[in-house]
>>> print(open('start_30.cif').read())   # mmCIF, C-alpha atoms and all ligand atoms
data_model
#
loop_
_atom_site.label_atom_id
_atom_site.label_comp_id
_atom_site.auth_asym_id
_atom_site.auth_seq_id
_atom_site.Cartn_x
_atom_site.Cartn_y
_atom_site.Cartn_z
CA MET A 2 8.42 -23.98 -8.82
CA ILE A 3 7.92 -20.82 -10.84
CA SER A 4 6.68 -21.63 -14.28
CA TYR A 5 5.86 -19.51 -17.26
CA LEU A 6 3.12 -19.83 -19.77
CA ARG A 7 4.52 -16.80 -21.56
CA LYS A 8 5.49 -17.72 -25.09
CA ASN A 9 6.80 -14.54 -26.62
CA LYS A 10 7.06 -10.83 -25.97
CA ALA A 11 3.91 -9.92 -27.86
CA ASN A 12 1.88 -12.24 -25.66
CA TYR A 13 3.35 -10.95 -22.40
CA PHE A 14 0.08 -9.61 -21.05
CA LYS A 15 -2.18 -12.08 -22.79
CA GLU A 16 -0.69 -15.16 -21.19
CA VAL A 17 -0.92 -15.77 -17.47
CA ILE A 18 2.41 -15.53 -15.73
CA ILE A 19 2.39 -17.90 -12.80
CA ILE A 20 4.24 -16.39 -9.87
CA PRO A 21 3.36 -17.93 -6.50
CA LEU A 22 1.84 -14.73 -5.18
CA VAL A 23 -1.22 -15.01 -2.95
CA THR A 24 -4.38 -12.94 -2.80
CA THR A 25 -5.11 -11.06 0.42
CA ASN A 26 -8.00 -13.40 1.37
CA GLU A 27 -6.21 -15.65 3.78
CA MET A 28 -4.02 -12.99 5.38
CA PHE A 29 -7.04 -10.73 5.97
CA GLU A 30 -9.07 -13.56 7.45
CA LYS A 31 -6.28 -14.22 9.93
CA SER A 32 -5.85 -10.51 10.66
CA MET A 33 -9.56 -10.14 11.48
CA LYS A 34 -9.58 -13.22 13.67
CA GLU A 35 -6.36 -12.40 15.52
CA HIS A 36 -6.62 -8.59 15.54
CA PHE A 37 -3.46 -7.51 13.80
CA ALA A 38 -2.78 -5.56 10.59
CA ILE A 39 -0.87 -6.37 7.44
CA GLY A 40 1.57 -3.76 6.15
CA ALA A 41 1.06 -2.69 2.55
CA PHE A 42 4.25 -1.04 1.36
CA ASN A 43 4.63 0.96 -1.85
CA ILE A 44 7.35 -0.16 -4.25
CA ASN A 45 8.92 1.44 -7.30
CA ASN A 46 12.51 0.16 -7.38
CA MET A 47 14.69 -2.82 -6.50
CA GLU A 48 15.98 -1.51 -3.18
CA LEU A 49 12.45 -1.00 -1.84
CA ILE A 50 11.36 -4.48 -2.90
CA GLN A 51 14.41 -6.16 -1.39
CA ALA A 52 14.21 -4.21 1.87
CA ILE A 53 10.48 -4.85 2.39
CA VAL A 54 10.58 -8.53 1.52
CA ASP A 55 13.77 -9.17 3.52
CA ALA A 56 12.16 -7.55 6.57
CA ALA A 57 8.88 -9.46 6.22
CA ASP A 58 10.76 -12.70 5.63
CA GLU A 59 12.92 -12.15 8.72
CA ALA A 60 9.83 -11.40 10.83
CA LYS A 61 7.85 -14.28 9.27
CA SER A 62 5.06 -11.88 8.41
CA PRO A 63 2.70 -11.81 5.45
CA VAL A 64 3.18 -8.68 3.38
CA ILE A 65 1.51 -6.70 0.60
CA LEU A 66 3.66 -5.05 -2.07
CA GLN A 67 1.69 -2.27 -3.73
CA VAL A 68 2.28 -0.27 -6.86
CA SER A 69 0.62 3.02 -7.77
CA PRO A 70 -0.12 4.01 -11.37
CA SER A 71 2.68 6.57 -11.24
CA ALA A 72 5.07 3.90 -9.91
CA ILE A 73 4.11 1.74 -12.89
CA LYS A 74 4.81 4.67 -15.18
CA TYR A 75 8.20 5.17 -13.51
CA ALA A 76 9.47 1.60 -13.14
CA ARG A 77 7.55 -0.08 -16.02
CA ILE A 78 5.24 -2.97 -15.32
CA ASN A 79 7.40 -5.74 -16.76
CA TYR A 80 10.39 -4.67 -14.63
CA LEU A 81 8.19 -4.59 -11.55
CA MET A 82 6.78 -8.06 -12.28
CA LYS A 83 10.27 -9.52 -12.72
CA MET A 84 11.62 -7.97 -9.53
CA VAL A 85 8.59 -9.10 -7.53
CA GLU A 86 8.99 -12.56 -9.00
CA ALA A 87 12.60 -12.65 -7.79
CA ALA A 88 11.52 -11.54 -4.33
CA VAL A 89 8.81 -14.19 -4.11
CA GLU A 90 11.21 -16.85 -5.29
CA THR A 91 13.72 -16.09 -2.56
CA SER A 92 11.32 -15.75 0.38
CA ASP A 93 9.07 -18.06 2.40
CA ILE A 94 6.21 -15.74 3.32
CA PRO A 95 2.81 -15.03 1.74
CA ILE A 96 3.20 -12.03 -0.60
CA ALA A 97 0.34 -10.25 -2.39
CA LEU A 98 0.93 -7.85 -5.28
CA HIS A 99 -1.59 -5.03 -5.24
CA LEU A 100 -2.46 -2.08 -7.47
CA ASP A 101 -2.69 1.02 -5.26
CA HIS A 102 -5.21 3.73 -6.27
CA GLY A 103 -6.22 2.35 -9.65
CA LEU A 104 -8.13 5.24 -11.15
CA ASP A 105 -10.12 3.45 -13.83
CA PHE A 106 -11.23 0.07 -15.14
CA GLU A 107 -8.48 -0.08 -17.79
CA THR A 108 -5.64 0.31 -15.26
CA CYS A 109 -7.17 -2.35 -13.02
CA LYS A 110 -7.63 -4.71 -15.98
CA MET A 111 -4.03 -4.20 -17.08
CA CYS A 112 -2.78 -5.19 -13.63
CA VAL A 113 -5.14 -8.17 -13.33
CA ASP A 114 -3.93 -9.37 -16.74
CA ALA A 115 -0.29 -8.82 -15.78
CA GLY A 116 -0.55 -11.13 -12.76
CA PHE A 117 -1.38 -8.87 -9.79
CA THR A 118 -3.38 -10.72 -7.14
CA SER A 119 -5.21 -7.67 -5.82
CA VAL A 120 -6.30 -4.33 -7.27
CA MET A 121 -7.67 -1.16 -5.78
CA ILE A 122 -10.23 0.80 -7.73
CA ASP A 123 -10.30 4.28 -6.27
CA ALA A 124 -13.48 5.89 -7.55
CA SER A 125 -13.96 7.78 -4.30
CA LYS A 126 -13.83 11.14 -6.07
CA TYR A 127 -17.10 10.32 -7.84
CA ASP A 128 -20.55 10.39 -6.29
CA PHE A 129 -21.84 7.31 -4.48
CA GLU A 130 -23.71 5.79 -7.43
CA GLU A 131 -20.85 6.32 -9.87
CA ASN A 132 -18.36 4.91 -7.34
CA ILE A 133 -20.57 1.80 -7.08
CA ARG A 134 -20.88 1.47 -10.86
CA ILE A 135 -17.13 1.70 -11.54
CA THR A 136 -16.21 -0.50 -8.57
CA LYS A 137 -18.71 -3.19 -9.61
CA GLU A 138 -17.28 -3.24 -13.14
CA VAL A 139 -13.79 -3.87 -11.73
CA VAL A 140 -15.07 -6.46 -9.24
CA ASP A 141 -16.82 -8.44 -11.99
CA TYR A 142 -13.68 -8.56 -14.11
CA ALA A 143 -11.17 -9.16 -11.29
CA HIS A 144 -13.26 -11.90 -9.65
CA SER A 145 -13.59 -13.71 -12.96
CA LYS A 146 -9.77 -13.97 -12.90
CA GLY A 147 -9.43 -14.87 -9.21
CA VAL A 148 -8.18 -11.40 -8.21
CA VAL A 149 -9.49 -9.50 -5.18
CA VAL A 150 -10.60 -5.87 -5.12
CA GLU A 151 -10.16 -3.02 -2.64
CA ALA A 152 -12.40 0.02 -3.08
CA GLU A 153 -12.62 3.36 -1.28
CA LEU A 154 -15.51 5.25 0.23
CA GLY A 155 -15.06 8.70 1.70
CA THR A 156 -12.30 11.11 0.78
CA LEU A 157 -8.94 11.50 2.42
CA ALA A 158 -7.47 14.96 2.74
CA GLY A 159 -4.23 15.57 0.86
CA ILE A 160 -3.04 14.19 -2.42
CA GLU A 161 -4.58 11.00 -3.83
CA ASP A 162 -2.31 10.14 -6.70
CA GLU A 163 -2.99 12.87 -9.25
CA VAL A 164 -6.10 14.09 -7.47
CA ASN A 165 -5.71 16.99 -5.08
CA VAL A 166 -8.16 16.95 -2.20
CA SER A 167 -8.31 19.93 0.09
CA ASP A 168 -8.95 19.61 3.84
CA ASP A 169 -12.43 21.04 3.40
CA ASP A 170 -13.37 18.46 0.78
CA ALA A 171 -12.20 15.52 2.89
CA LYS A 172 -15.23 13.50 3.89
CA TYR A 173 -15.32 10.85 6.57
CA THR A 174 -16.83 7.55 5.52
CA ASP A 175 -20.51 7.13 6.34
CA PRO A 176 -20.94 3.67 7.96
CA ASN A 177 -24.46 3.20 6.51
CA GLN A 178 -23.18 3.96 3.03
CA ALA A 179 -20.26 1.58 3.64
CA TYR A 180 -22.70 -1.24 4.33
CA GLU A 181 -24.73 -0.52 1.18
CA PHE A 182 -21.54 -0.12 -0.86
CA ILE A 183 -20.27 -3.57 0.09
CA GLN A 184 -23.64 -5.22 -0.58
CA ARG A 185 -23.94 -3.64 -4.02
CA THR A 186 -20.35 -3.92 -5.26
CA GLY A 187 -19.18 -7.20 -3.74
CA CYS A 188 -15.70 -5.71 -3.27
CA ASP A 189 -13.37 -7.63 -0.95
CA SER A 190 -11.98 -4.87 1.25
CA LEU A 191 -12.79 -1.24 1.91
CA ALA A 192 -10.58 1.81 2.42
CA ILE A 193 -12.29 4.26 4.75
CA ALA A 194 -11.64 7.89 5.61
CA ILE A 195 -11.25 8.40 9.37
CA GLY A 196 -8.82 11.31 9.48
CA THR A 197 -5.62 10.24 7.76
CA SER A 198 -4.21 11.82 4.61
CA HIS A 199 -1.43 11.02 2.19
CA GLY A 200 2.06 12.50 2.39
CA ALA A 201 4.20 14.05 5.13
CA TYR A 202 1.80 16.73 6.42
CA LYS A 203 -1.15 14.92 7.94
CA PHE A 204 -2.05 17.00 10.96
CA LYS A 205 -1.68 20.64 11.89
CA GLY A 206 -2.39 20.04 15.59
CA ASP A 207 -2.56 16.74 17.45
CA ALA A 208 -2.95 13.53 15.47
CA LYS A 209 -6.48 12.23 15.84
CA LEU A 210 -8.37 9.44 14.11
CA ARG A 211 -12.15 8.86 14.22
CA PHE A 212 -12.15 5.49 15.96
CA ASP A 213 -15.90 5.91 16.51
CA ILE A 214 -16.44 5.70 12.73
CA LEU A 215 -14.15 2.67 12.49
CA ALA A 216 -16.14 0.94 15.26
CA GLU A 217 -19.46 1.68 13.53
CA VAL A 218 -18.18 0.41 10.19
CA LYS A 219 -16.87 -2.78 11.82
CA GLU A 220 -20.15 -3.29 13.63
CA LYS A 221 -22.03 -3.18 10.33
CA LEU A 222 -19.37 -5.04 8.35
CA PRO A 223 -17.64 -7.44 10.76
CA ASN A 224 -16.32 -9.64 7.95
CA THR A 225 -15.01 -6.92 5.64
CA PRO A 226 -11.30 -6.15 5.91
CA ILE A 227 -10.82 -2.42 6.45
CA VAL A 228 -7.93 -0.48 4.92
CA LEU A 229 -6.18 2.60 6.27
CA HIS A 230 -4.50 4.80 3.67
CA GLY A 231 -2.19 7.68 4.53
CA ALA A 232 -0.86 5.76 7.52
CA SER A 233 2.82 6.68 7.61
CA SER A 234 3.98 7.89 10.99
CA VAL A 235 6.32 10.38 9.29
CA ILE A 236 9.09 9.16 11.61
CA PRO A 237 10.48 12.29 13.32
CA GLU A 238 14.06 10.93 13.48
CA LEU A 239 14.07 10.45 9.71
CA VAL A 240 12.60 13.90 9.07
CA ASP A 241 15.36 15.34 11.32
CA MET A 242 18.01 13.30 9.54
CA CYS A 243 16.80 14.67 6.20
CA ASN A 244 16.68 18.25 7.50
CA ASN A 245 20.10 17.96 9.18
CA ASN A 246 21.53 16.95 5.85
CA GLY A 247 20.18 19.74 3.71
CA ALA A 248 16.49 18.95 3.25
CA ASP A 249 13.63 21.37 3.81
CA ILE A 250 10.85 19.24 5.25
CA MET A 251 9.46 21.42 8.01
CA GLY A 252 6.32 20.87 10.09
CA ALA A 253 5.85 17.30 8.85
CA LYS A 254 3.59 15.14 11.02
CA GLY A 255 2.16 11.62 10.68
CA VAL A 256 0.09 9.06 12.56
CA PRO A 257 1.95 8.03 15.74
CA ASP A 258 2.72 4.35 16.30
CA ASP A 259 0.36 3.95 19.27
CA ILE A 260 -2.60 5.19 17.21
CA LEU A 261 -1.72 2.81 14.38
CA LYS A 262 -1.40 -0.05 16.85
CA GLN A 263 -4.85 0.79 18.18
CA ALA A 264 -6.21 0.78 14.60
CA GLY A 265 -4.74 -2.69 14.00
CA LYS A 266 -6.28 -4.00 17.19
CA ASN A 267 -9.67 -2.48 16.37
CA GLY A 268 -10.44 -3.78 12.93
CA VAL A 269 -8.01 -2.27 10.43
CA SER A 270 -6.57 -5.16 8.41
CA LYS A 271 -4.32 -3.31 5.95
CA ILE A 272 -2.12 -0.33 6.76
CA ASN A 273 -0.62 1.58 3.81
CA VAL A 274 2.88 3.00 4.04
CA ASP A 275 4.75 4.94 1.39
CA THR A 276 5.95 8.25 2.85
CA ASP A 277 8.02 6.60 5.63
CA LEU A 278 9.88 4.53 3.05
CA ARG A 279 10.61 7.64 0.99
CA LEU A 280 11.90 9.39 4.10
CA ALA A 281 14.10 6.42 5.07
CA MET A 282 15.66 6.26 1.63
CA THR A 283 16.18 10.01 1.34
CA ALA A 284 17.57 10.39 4.88
CA GLN A 285 20.35 7.86 4.30
CA ILE A 286 21.22 9.09 0.83
CA ARG A 287 21.42 12.67 2.06
CA LYS A 288 23.57 11.61 5.02
CA VAL A 289 26.09 9.83 2.82
CA PHE A 290 26.22 12.72 0.35
CA ASN A 291 26.68 15.21 3.18
CA GLU A 292 29.25 13.25 5.20
CA GLU A 293 31.16 11.65 2.37
CA PRO A 294 31.25 14.08 -0.55
CA SER A 295 33.79 11.95 -2.39
CA VAL A 296 31.33 9.03 -2.75
CA PHE A 297 29.92 8.50 -6.22
CA ASP A 298 29.35 4.74 -6.29
CA PRO A 299 25.55 4.34 -6.11
CA ARG A 300 25.93 1.17 -4.01
CA LYS A 301 27.55 3.28 -1.29
CA TYR A 302 24.36 5.30 -0.78
CA LEU A 303 21.65 2.94 -2.05
CA GLY A 304 22.99 0.19 0.26
CA PRO A 305 22.52 2.24 3.46
CA ALA A 306 19.17 3.44 2.08
CA ARG A 307 18.04 -0.16 1.64
CA ASP A 308 19.19 -1.03 5.20
CA GLU A 309 17.23 1.92 6.62
CA ILE A 310 14.05 0.94 4.75
CA LYS A 311 14.39 -2.60 6.06
CA SER A 312 14.69 -1.44 9.65
CA VAL A 313 11.64 0.85 9.26
CA VAL A 314 9.58 -2.06 7.88
CA LEU A 315 10.82 -4.43 10.60
CA HIS A 316 9.82 -1.95 13.30
CA LYS A 317 6.34 -1.56 11.85
CA ILE A 318 5.76 -5.29 11.42
CA ASN A 319 7.15 -6.25 14.84
CA ASP A 320 6.08 -3.38 17.07
CA VAL A 321 3.13 -1.63 15.43
CA PHE A 322 1.17 -3.91 13.10
CA CYS A 323 1.95 -7.02 15.21
CA SER A 324 2.04 -9.24 12.11
CA SER A 325 5.32 -11.03 12.89
CA ASN A 326 5.07 -14.83 13.05
CA LYS A 327 1.66 -14.69 11.32
CA ALA A 328 2.95 -16.00 7.97
O1 LIG B 401 -1.25 6.99 -2.08
C1 LIG B 401 -0.37 7.35 -2.83
C2 LIG B 401 0.93 6.63 -2.78
O2 LIG B 401 1.76 7.19 -1.80
C3 LIG B 401 1.55 6.58 -4.13
O3 LIG B 401 2.09 7.81 -4.48
O4 LIG B 401 1.35 8.19 -6.85
O5 LIG B 401 3.40 9.30 -5.92
O6 LIG B 401 3.39 6.84 -6.39
P1 LIG B 401 2.58 8.06 -5.99
P1 LIG B 402 1.43 7.60 3.28
O1 LIG B 402 1.61 8.79 2.39
O2 LIG B 402 0.96 8.01 4.63
O3 LIG B 402 2.63 6.73 3.34
O4 LIG B 402 0.23 6.72 2.65
C1 LIG B 402 0.50 5.82 1.61
C2 LIG B 402 -0.76 5.30 1.01
O5 LIG B 402 -1.85 5.45 1.51
C3 LIG B 402 -0.61 4.56 -0.26
O6 LIG B 402 -1.85 4.22 -0.79
ZN ZN B 403 -3.40 5.65 -0.46
#
>>> encode(input="start_30.cif", output="C-alpha cells")
Amino acid sequence: MISYLRKNKANYFKEVIIIPLVTTNEMFEKSMKEHFAIGAFNINNMELIQAIVDAADEAKSPVILQVSPSAIKYARINYLMKMVEAAVETSDIPIALHLDHGLDFETCKMCVDAGFTSVMIDASKYDFEENIRITKEVVDYAHSKGVVVEAELGTLAGIEDEVNVSDDDAKYTDPNQAYEFIQRTGCDSLAIAIGTSHGAYKFKGDAKLRFDILAEVKEKLPNTPIVLHGASSVIPELVDMCNNNGADIMGAKGVPDDILKQAGKNGVSKINVDTDLRLAMTAQIRKVFNEEPSVFDPRKYLGPARDEIKSVVLHKINDVFCSSNKA
C-alpha cells in the first residue's frame, strides 16, 4: 500500500515519498459541478490531524489538510509528513496535503519535494506583474512534479502569516485582473478577497461578503476553483467557553454559517479554517484546567480538545460546506 523510495536520512527530500495523497483536481471538479465546498483545515499537531481526518472519514467527505510556513517551523516537516501518512493510511477518503500561504518559490519547492500534493504561493502583497512572475515560477516547477498550485489576488484585511495588512490596505479582487492572472500564470485555483480576513476579529459591524465580486469572477472563470481564506465563523459558543474559563477574547466575530453556505453554493470550492480549530482546542483545555485543577495528565485535556475539534469539523462538513458523502 504505502511504499517508500526513501533510502536514507540524507536523501529524505531528494527521493519521492509515496503517500496515497491526492491533488485537489478531482475534488474541486466535483465541488464545481455539484455546488459544494471542500474544507481546508490547518494542522500543526497530532490532535488536529486526528480530529480532522476522523471527522472527514466519518462524514465520507474529501478533505484538505493545510500547513502554513510557521506551522512547518513549529512541528517540523518530517514529523508532519509522518503524521499525515498515518492519517491517510487509516482513512478511506481523498486527502490532499497543501502548503498554506507559501511566501516564496523556495518554500513551495521544499513542500513539492517533500510530497505535498498542492501548494499555495501567496505573492498577493506584490504588484500585479510581480505576483504573476512569482506565481508562474511556482506553477512551472509544481506542475512538472504533478503538484497543483493555488495563488492569491487581492489583499485580505488582517494578518496574512507574517504580513500585517491593515483594513485600509485590503483590496477586493478585480474580476478582470483575475481572468488575466489565470491566463498568464496557469495556476489551478485562485484565492480572492471578498471581505473576509484572517483571525478572530473579522468584522466590526455586520458580517458582509461581496457576493457580487464572487459572481463576476465565476462568470469570467467558470472552471477555476475559487478559494475563501479567513473563513472561520469564530463560533460564539467557543469564544464564550474560552472567556468563561479565563480567556480575554472580546469582540471576536467571524463569518456566519449561512454566509459560508451561500459561498459554497455560489462557486467557492475551498473554505479555509484555522481560527475555529484554535478556539475549539483552547476552549476545552481551559475548561479542564478551570474545572479540574488537579489534572496534569496531558491526555486529560488534549483528549477533550481533540473531541471538540472533531465536532467542529463535522458540523462544518455536514451542515455548512455540504461535502459529506462526496468522497
Ligand atoms: O492564514 C493563516 C493561517 O491561519 C496560518 O496561521 O501562520 O499562525 O500558522 P499561522
Ligand atoms: P481563519 O483565520 O478565518 O481560520 O482563516 C484561516 C485561513 O485562511 C488559512 O489560510
Ligand atoms: Zn489564509
>>> atom_distance(input="start_30.cif", atom1="atom CA of Ile195 of chain A", atom2="atom CA of Phe212 of chain A")
7.3 Å
>>> residues_near_ligand(input="start_30.cif", ligand="ligand ZN 403 (chain B)", cutoff="7 Å", atoms="all atoms listed in the file", output="JSON, numbers by chain")
{"A": [101, 102, 161, 199, 230, 231, 273]}
>>> write_last_selection(input="start_30.cif", atoms="C-alpha atoms", output="mmCIF file, in the coordinates of the input")
data_model
loop_
_atom_site.group_PDB
_atom_site.id
_atom_site.type_symbol
_atom_site.label_atom_id
_atom_site.label_comp_id
_atom_site.auth_asym_id
_atom_site.auth_seq_id
_atom_site.Cartn_x
_atom_site.Cartn_y
_atom_site.Cartn_z
ATOM 1 C CA ASP A 101 -2.690 1.020 -5.260
ATOM 2 C CA HIS A 102 -5.210 3.730 -6.270
ATOM 3 C CA GLU A 161 -4.580 11.000 -3.830
ATOM 4 C CA HIS A 199 -1.430 11.020 2.190
ATOM 5 C CA HIS A 230 -4.500 4.800 3.670
ATOM 6 C CA GLY A 231 -2.190 7.680 4.530
ATOM 7 C CA ASN A 273 -0.620 1.580 3.810
#
>>> residues_near_ligand(input="start_30.cif", ligand="ligand LIG 402 (chain B)", cutoff="9 Å", atoms="all atoms listed in the file", output="number ranges by chain")
A: 41-43, 67-69, 101-102, 160-162, 197-203, 229-235, 255-256, 272-279
>>> closest_residue(input="start_30.cif", among="A:Ile96, A:Arg185, A:Asp123, A:Val113", to="ligand LIG 401 (chain B)", atoms="only C-alpha atoms and all ligand atoms")
A:Asp123
>>> atom_distance(input="start_30.cif", atom1="atom CA of Gly252 of chain A", atom2="atom CA of Asn291 of chain A")
22.2 Å
>>> residues_around(input="start_30.cif", residues="segment 300-308 of chain A", least_positions_apart="3", cutoff="6 Å", atoms="all atoms listed in the file", output="PyMOL selection string")
chain A and resi 48+52+282+285-286+311
>>> atom_distance(input="start_30.cif", atom1="atom CA of Asn326 of chain A", atom2="atom CA of Val314 of chain A")
14.5 Å
>>> closest_residue(input="start_30.cif", among="A:Gln263, A:Ser190, A:Thr24, A:Asn46", to="ligand LIG 401 (chain B)", atoms="only C-alpha atoms and all ligand atoms")
A:Asn46
>>> residues_around(input="start_30.cif", residues="Leu215 of chain A", least_positions_apart="5", cutoff="12 Å", atoms="all atoms listed in the file", output="ChimeraX atom specification")
/A:173-177,179,191-196,210,220-223,225-229,263-270
>>> write_last_selection(input="start_30.cif", atoms="C-alpha atoms", output="mmCIF file, keeping the file's coordinate frame")
data_model
loop_
_atom_site.group_PDB
_atom_site.id
_atom_site.type_symbol
_atom_site.label_atom_id
_atom_site.label_comp_id
_atom_site.auth_asym_id
_atom_site.auth_seq_id
_atom_site.Cartn_x
_atom_site.Cartn_y
_atom_site.Cartn_z
ATOM 1 C CA TYR A 173 -15.320 10.850 6.570
ATOM 2 C CA THR A 174 -16.830 7.550 5.520
ATOM 3 C CA ASP A 175 -20.510 7.130 6.340
ATOM 4 C CA PRO A 176 -20.940 3.670 7.960
ATOM 5 C CA ASN A 177 -24.460 3.200 6.510
ATOM 6 C CA ALA A 179 -20.260 1.580 3.640
ATOM 7 C CA LEU A 191 -12.790 -1.240 1.910
ATOM 8 C CA ALA A 192 -10.580 1.810 2.420
ATOM 9 C CA ILE A 193 -12.290 4.260 4.750
ATOM 10 C CA ALA A 194 -11.640 7.890 5.610
ATOM 11 C CA ILE A 195 -11.250 8.400 9.370
ATOM 12 C CA GLY A 196 -8.820 11.310 9.480
ATOM 13 C CA LEU A 210 -8.370 9.440 14.110
ATOM 14 C CA GLU A 220 -20.150 -3.290 13.630
ATOM 15 C CA LYS A 221 -22.030 -3.180 10.330
ATOM 16 C CA LEU A 222 -19.370 -5.040 8.350
ATOM 17 C CA PRO A 223 -17.640 -7.440 10.760
ATOM 18 C CA THR A 225 -15.010 -6.920 5.640
ATOM 19 C CA PRO A 226 -11.300 -6.150 5.910
ATOM 20 C CA ILE A 227 -10.820 -2.420 6.450
ATOM 21 C CA VAL A 228 -7.930 -0.480 4.920
ATOM 22 C CA LEU A 229 -6.180 2.600 6.270
ATOM 23 C CA GLN A 263 -4.850 0.790 18.180
ATOM 24 C CA ALA A 264 -6.210 0.780 14.600
ATOM 25 C CA GLY A 265 -4.740 -2.690 14.000
ATOM 26 C CA LYS A 266 -6.280 -4.000 17.190
ATOM 27 C CA ASN A 267 -9.670 -2.480 16.370
ATOM 28 C CA GLY A 268 -10.440 -3.780 12.930
ATOM 29 C CA VAL A 269 -8.010 -2.270 10.430
ATOM 30 C CA SER A 270 -6.570 -5.160 8.410
#
>>> closest_residue(input="start_30.cif", among="A:Leu100, A:Lys262, A:Lys146, A:Gln178", to="His316 of chain A", atoms="only C-alpha atoms")
A:Lys262
>>> closest_residue(input="start_30.cif", among="A:Lys271, A:Lys34, A:Lys126, A:Lys205", to="Lys172 of chain A", atoms="all atoms listed in the file")
A:Lys126
>>> residues_around(input="start_30.cif", residues="segment 136-145 of chain A", least_positions_apart="6", cutoff="7 Å", atoms="all atoms listed in the file", output="ChimeraX atom specification")
/A:106,109,113,122,152,186-188
>>> closest_residue(input="start_30.cif", among="A:Met121, A:Ala328, A:Met251, A:Ile50", to="ligand LIG 401 (chain B)", atoms="all atoms listed in the file")
A:Met121
>>> closest_residue(input="start_30.cif", among="A:Val23, A:Ile214, A:Ala76, A:Ala60", to="ligand LIG 401 (chain B)", atoms="only C-alpha atoms and all ligand atoms")
A:Ala76
>>> residues_around(input="start_30.cif", residues="Glu90 of chain A", least_positions_apart="2", cutoff="12 Å", atoms="all atoms listed in the file", output="MDAnalysis selection string")
chainID A and resid 2:4 19:22 51 54:55 58 83:88 92:96
>>> decode(input="start_30.cif", residues="segment 106-119 of chain A", atoms="N, CA, C and O atoms", output="PDB file, in the first residue's frame")
ATOM      1  N   PHE A 106       9.249  31.089  -3.690  1.00  0.00           N
ATOM      2  CA  PHE A 106       9.466  29.901  -4.508  1.00  0.00           C
ATOM      3  C   PHE A 106      10.123  28.785  -3.697  1.00  0.00           C
ATOM      4  O   PHE A 106       9.721  27.620  -3.786  1.00  0.00           O
ATOM      5  N   GLU A 107      11.121  29.140  -2.877  1.00  0.00           N
ATOM      6  CA  GLU A 107      11.886  28.128  -2.142  1.00  0.00           C
ATOM      7  C   GLU A 107      10.978  27.317  -1.200  1.00  0.00           C
ATOM      8  O   GLU A 107      11.104  26.100  -1.094  1.00  0.00           O
ATOM      9  N   THR A 108      10.085  28.006  -0.497  1.00  0.00           N
ATOM     10  CA  THR A 108       9.189  27.283   0.426  1.00  0.00           C
ATOM     11  C   THR A 108       8.273  26.342  -0.355  1.00  0.00           C
ATOM     12  O   THR A 108       8.036  25.198   0.052  1.00  0.00           O
ATOM     13  N   CYS A 109       7.762  26.834  -1.485  1.00  0.00           N
ATOM     14  CA  CYS A 109       6.883  25.988  -2.303  1.00  0.00           C
ATOM     15  C   CYS A 109       7.650  24.778  -2.813  1.00  0.00           C
ATOM     16  O   CYS A 109       7.155  23.644  -2.772  1.00  0.00           O
ATOM     17  N   LYS A 110       8.869  25.012  -3.278  1.00  0.00           N
ATOM     18  CA  LYS A 110       9.691  23.906  -3.817  1.00  0.00           C
ATOM     19  C   LYS A 110       9.958  22.862  -2.726  1.00  0.00           C
ATOM     20  O   LYS A 110       9.852  21.665  -2.962  1.00  0.00           O
ATOM     21  N   MET A 111      10.272  23.349  -1.525  1.00  0.00           N
ATOM     22  CA  MET A 111      10.552  22.417  -0.428  1.00  0.00           C
ATOM     23  C   MET A 111       9.342  21.495  -0.185  1.00  0.00           C
ATOM     24  O   MET A 111       9.493  20.288   0.000  1.00  0.00           O
ATOM     25  N   CYS A 112       8.154  22.078  -0.229  1.00  0.00           N
ATOM     26  CA  CYS A 112       6.954  21.279   0.048  1.00  0.00           C
ATOM     27  C   CYS A 112       6.632  20.337  -1.117  1.00  0.00           C
ATOM     28  O   CYS A 112       6.222  19.196  -0.905  1.00  0.00           O
ATOM     29  N   VAL A 113       6.815  20.820  -2.344  1.00  0.00           N
ATOM     30  CA  VAL A 113       6.625  19.937  -3.505  1.00  0.00           C
ATOM     31  C   VAL A 113       7.577  18.746  -3.362  1.00  0.00           C
ATOM     32  O   VAL A 113       7.173  17.582  -3.495  1.00  0.00           O
ATOM     33  N   ASP A 114       8.827  19.030  -3.056  1.00  0.00           N
ATOM     34  CA  ASP A 114       9.837  17.966  -2.971  1.00  0.00           C
ATOM     35  C   ASP A 114       9.574  17.023  -1.800  1.00  0.00           C
ATOM     36  O   ASP A 114       9.968  15.855  -1.834  1.00  0.00           O
ATOM     37  N   ALA A 115       8.917  17.535  -0.770  1.00  0.00           N
ATOM     38  CA  ALA A 115       8.649  16.702   0.408  1.00  0.00           C
ATOM     39  C   ALA A 115       7.440  15.793   0.225  1.00  0.00           C
ATOM     40  O   ALA A 115       7.209  14.901   1.035  1.00  0.00           O
ATOM     41  N   GLY A 116       6.644  16.024  -0.825  1.00  0.00           N
ATOM     42  CA  GLY A 116       5.498  15.143  -1.073  1.00  0.00           C
ATOM     43  C   GLY A 116       4.131  15.793  -0.932  1.00  0.00           C
ATOM     44  O   GLY A 116       3.113  15.105  -0.989  1.00  0.00           O
ATOM     45  N   PHE A 117       4.073  17.121  -0.739  1.00  0.00           N
ATOM     46  CA  PHE A 117       2.776  17.802  -0.724  1.00  0.00           C
ATOM     47  C   PHE A 117       2.138  17.640  -2.112  1.00  0.00           C
ATOM     48  O   PHE A 117       2.847  17.547  -3.112  1.00  0.00           O
ATOM     49  N   THR A 118       0.812  17.631  -2.159  1.00  0.00           N
ATOM     50  CA  THR A 118       0.151  17.480  -3.463  1.00  0.00           C
ATOM     51  C   THR A 118      -0.392  18.805  -3.981  1.00  0.00           C
ATOM     52  O   THR A 118      -0.928  18.879  -5.085  1.00  0.00           O
ATOM     53  N   SER A 119      -0.289  19.840  -3.160  1.00  0.00           N
ATOM     54  CA  SER A 119      -0.808  21.154  -3.532  1.00  0.00           C
ATOM     55  C   SER A 119      -0.017  22.214  -2.774  1.00  0.00           C
ATOM     56  O   SER A 119       0.327  22.001  -1.602  1.00  0.00           O
TER      57      SER A 119
END
